[in-house]
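Peer 1: I have a structure here, written as structure tokens, and I will follow up with some questions on it.
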Amino acid sequence: MSDLLLDKDGLTINDLNDVYDYLSAQFKIIYGEDIIIDADTPDGQIIAIYSKLNADAQASLLQIYNSFDPDTAVGVELNKIIKYNALVRGAATKSTVAVNITATTTVELTEDYTVVDTLGQSWVIVTAQTILAGVTSVEFAADEWGSIQALASTITEQGTILTQITTIDNPLAASVGVDEETDVELRQRRERSLEKPAYSTVGSMLAKLLNVSNVIDAVIYENYTDVYDTPKTLDAHTIWCIVEEGLSADITEAIAKEKTAGAGLKGSVIDTFLEYFTRADGTTRTYTHDIKFDRPTETEIYLELDVTCKTVGCTIDTDLIKDKLAEKLFNINEDLTITELYSYIYQAGSNFIATSLEASLDNTTYVGTELEADYDEKFVITTAKIAITEI
């Protein structure tokens, strides 16, 4: 066993086998070579216990050592270290949905009133209220945080039973929330944030946008020429920012502070940022920045594939395959290489062979190679649009 060492090359520790071999050798030095230290003997068990304690302690030291590096820190320790980059982990949000509630008479919906979808997921009323007889649209939020989905007409049962209510239904699908930012995603965002001091205006603006609280992704296109950019429908000397999530006010401020004078902006989201200046006489002047940007256009991808058991009589969990495929996340303007999805499919098991995987944007024309995303498009995979055939 080598010495526990911290030097210019980092921290060197020993694993459980190294510690066990060392303690076994020390016991033999103390008690003689003929000592019996098999696993089922008292001395062997003592050595095993001491080895486990020692190895765990060294592993804990290594974890503490690694927590000082944002590339190796995890969980709460990563939350702490990224504060030096003025970053915080993106928080999870809740899915929301409008539900039509039909009542026979006036009824009070308290703050703990719930409804349930066909998957058994609970939805809690956002604002306690009293509704009248007839149909009333009421907003609900998922009981759980993250990307909880509910398709149209799948929320049909009461969780809190009120006899005055006869039917409930959600005419539209839920607006899906976002999961808490993972360690991997947070490390990637930190790497992008290091572009902030760059001399490139676009690079600096992108880094600033990615640092906005709860922003998941962003892309920027710039037409610095004197002619119209037809593929992007972008005017000359114009900047186009597409930002996913984050508050409009925070995004507007970030763009206003980074945009160069005279550059135009493209976008359907329009907001203003007010900048205040103090004159020599103490009075103030307000300058209004009119800012435009866009949100990504989400496109749900249709997938179809065949699966075949490797052995006679085996069972294929097609629902799990769909769940694993839905875990694939895309960035804005990220193309789909269809063969990449096989790695997600086989996370659902190894007792089957998947073939004929194809994807489509319209459920009509399917391809087996690649789907190309538009400039402001973000692909989404949902379980409802995956068709699996067992052959």
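Ligands are numbered from 1 in the order shown, chains are lettered A, B, ... in the order of the structure tokens, and residues start at 1 in each chain.
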Pick out each residue of region 114-341 of chain A that DSSP on the backbone tags as alpha helix (DSSP H); I need them as JSON, numbers by chain.
Peer 2: {"A": [183, 184, 185, 186, 187, 188, 189, 190, 191, 192, 193, 201, 202, 203, 204, 205, 206, 207, 208, 209, 210, 248, 249, 250, 251, 252, 253, 254, 255, 256, 257, 258, 318, 319, 320, 321, 322, 323, 324, 325, 326]}
Peer 1: Select from region 180-279 of chain A every residue with an atom at most 6 Å from any atom of region 83-92 of chain A, then for each give the shortest pair of atoms and their distance in Å to one decimal, using only C-alpha atoms, rows by chain and rising number, as JSON lines.
Peer 2:
```
{"residue": "A:Glu180", "atom": "CA", "partner": "A:Ala92", "partner_atom": "CA", "distance": 4.0}
{"residue": "A:Glu181", "atom": "CA", "partner": "A:Gly90", "partner_atom": "CA", "distance": 5.0}
{"residue": "A:Asn214", "atom": "CA", "partner": "A:Gly90", "partner_atom": "CA", "distance": 4.9}
```
Peer 1: Keeping only C-alpha atoms, write those residues as an mmCIF file, in the first residue's frame.
Peer 2:
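Output (selection-v8.cif):
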```cif
data_model
loop_
_atom_site.group_PDB
_atom_site.id
_atom_site.type_symbol
_atom_site.label_atom_id
_atom_site.label_comp_id
_atom_site.auth_asym_id
_atom_site.auth_seq_id
_atom_site.Cartn_x
_atom_site.Cartn_y
_atom_site.Cartn_z
ATOM 1 C CA GLU A 180 -33.615 20.625 -12.256
ATOM 2 C CA GLU A 181 -30.383 21.235 -14.131
ATOM 3 C CA ASN A 214 -33.351 29.562 -15.358
#
```
Peer 1: Skip Asp179 (chain A) itself and residues of its chain fewer than 2 positions away, then list as JSON, numbers by chain all residues within 7 Å of it, counting only C-alpha atoms.
Peer 2: {"A": [92, 93, 145, 146, 147, 177, 181]}
Peer 1: Extract, using only C-alpha atoms, all DNA, RNA and protein residues at most 9 Å from Leu62 (chain A), discarding same-chain residues fewer than 3 positions from it, and format them as a VMD selection string.
Peer 2: chain A and resid 11 to 13 57 to 59 65 to 67
Peer 1: Can you tell me which residues surround region 236-243 of chain A at a distance of at most 6 Å, considering only C-alpha atoms, apart from same-chain residues fewer than 6 positions away, and format the answer as a list of chain:residue names?
Peer 2: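 Listed by chain and then number, they are A:Ala218, A:Val219, A:Ile220, A:Tyr221, A:Glu222, A:Asn223, A:Tyr224, A:Thr225, A:Asp226, A:Val227, A:Tyr228, A:Ala263, A:Gly264, A:Leu265, A:Lys266, A:Phe293, A:Asp294, A:Arg295, A:Pro296.
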Peer 1: For C-alpha atoms, I'd like the residues from the last selection saved as an mmCIF file, in the first residue's frame.
Peer 2:
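Here's the written file selection-v2.cif:
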```
data_model
loop_
_atom_site.group_PDB
_atom_site.id
_atom_site.type_symbol
_atom_site.label_atom_id
_atom_site.label_comp_id
_atom_site.auth_asym_id
_atom_site.auth_seq_id
_atom_site.Cartn_x
_atom_site.Cartn_y
_atom_site.Cartn_z
ATOM 1 C CA ALA A 218 -29.736 30.102 -26.187
ATOM 2 C CA VAL A 219 -28.432 30.707 -29.695
ATOM 3 C CA ILE A 220 -27.628 33.951 -31.494
ATOM 4 C CA TYR A 221 -27.482 34.657 -35.231
ATOM 5 C CA GLU A 222 -25.911 37.806 -36.630
ATOM 6 C CA ASN A 223 -26.225 39.293 -40.103
ATOM 7 C CA TYR A 224 -23.333 41.737 -40.273
ATOM 8 C CA THR A 225 -23.637 42.177 -44.048
ATOM 9 C CA ASP A 226 -25.477 44.868 -46.024
ATOM 10 C CA VAL A 227 -27.907 42.388 -47.604
ATOM 11 C CA TYR A 228 -30.930 40.458 -46.400
ATOM 12 C CA ALA A 263 -27.599 46.943 -34.471
ATOM 13 C CA GLY A 264 -31.153 45.855 -35.179
ATOM 14 C CA LEU A 265 -32.950 43.032 -33.389
ATOM 15 C CA LYS A 266 -35.363 40.358 -34.599
ATOM 16 C CA PHE A 293 -35.959 38.190 -29.097
ATOM 17 C CA ASP A 294 -37.616 34.832 -29.759
ATOM 18 C CA ARG A 295 -38.418 31.663 -27.881
ATOM 19 C CA PRO A 296 -37.519 28.335 -29.525
#
```
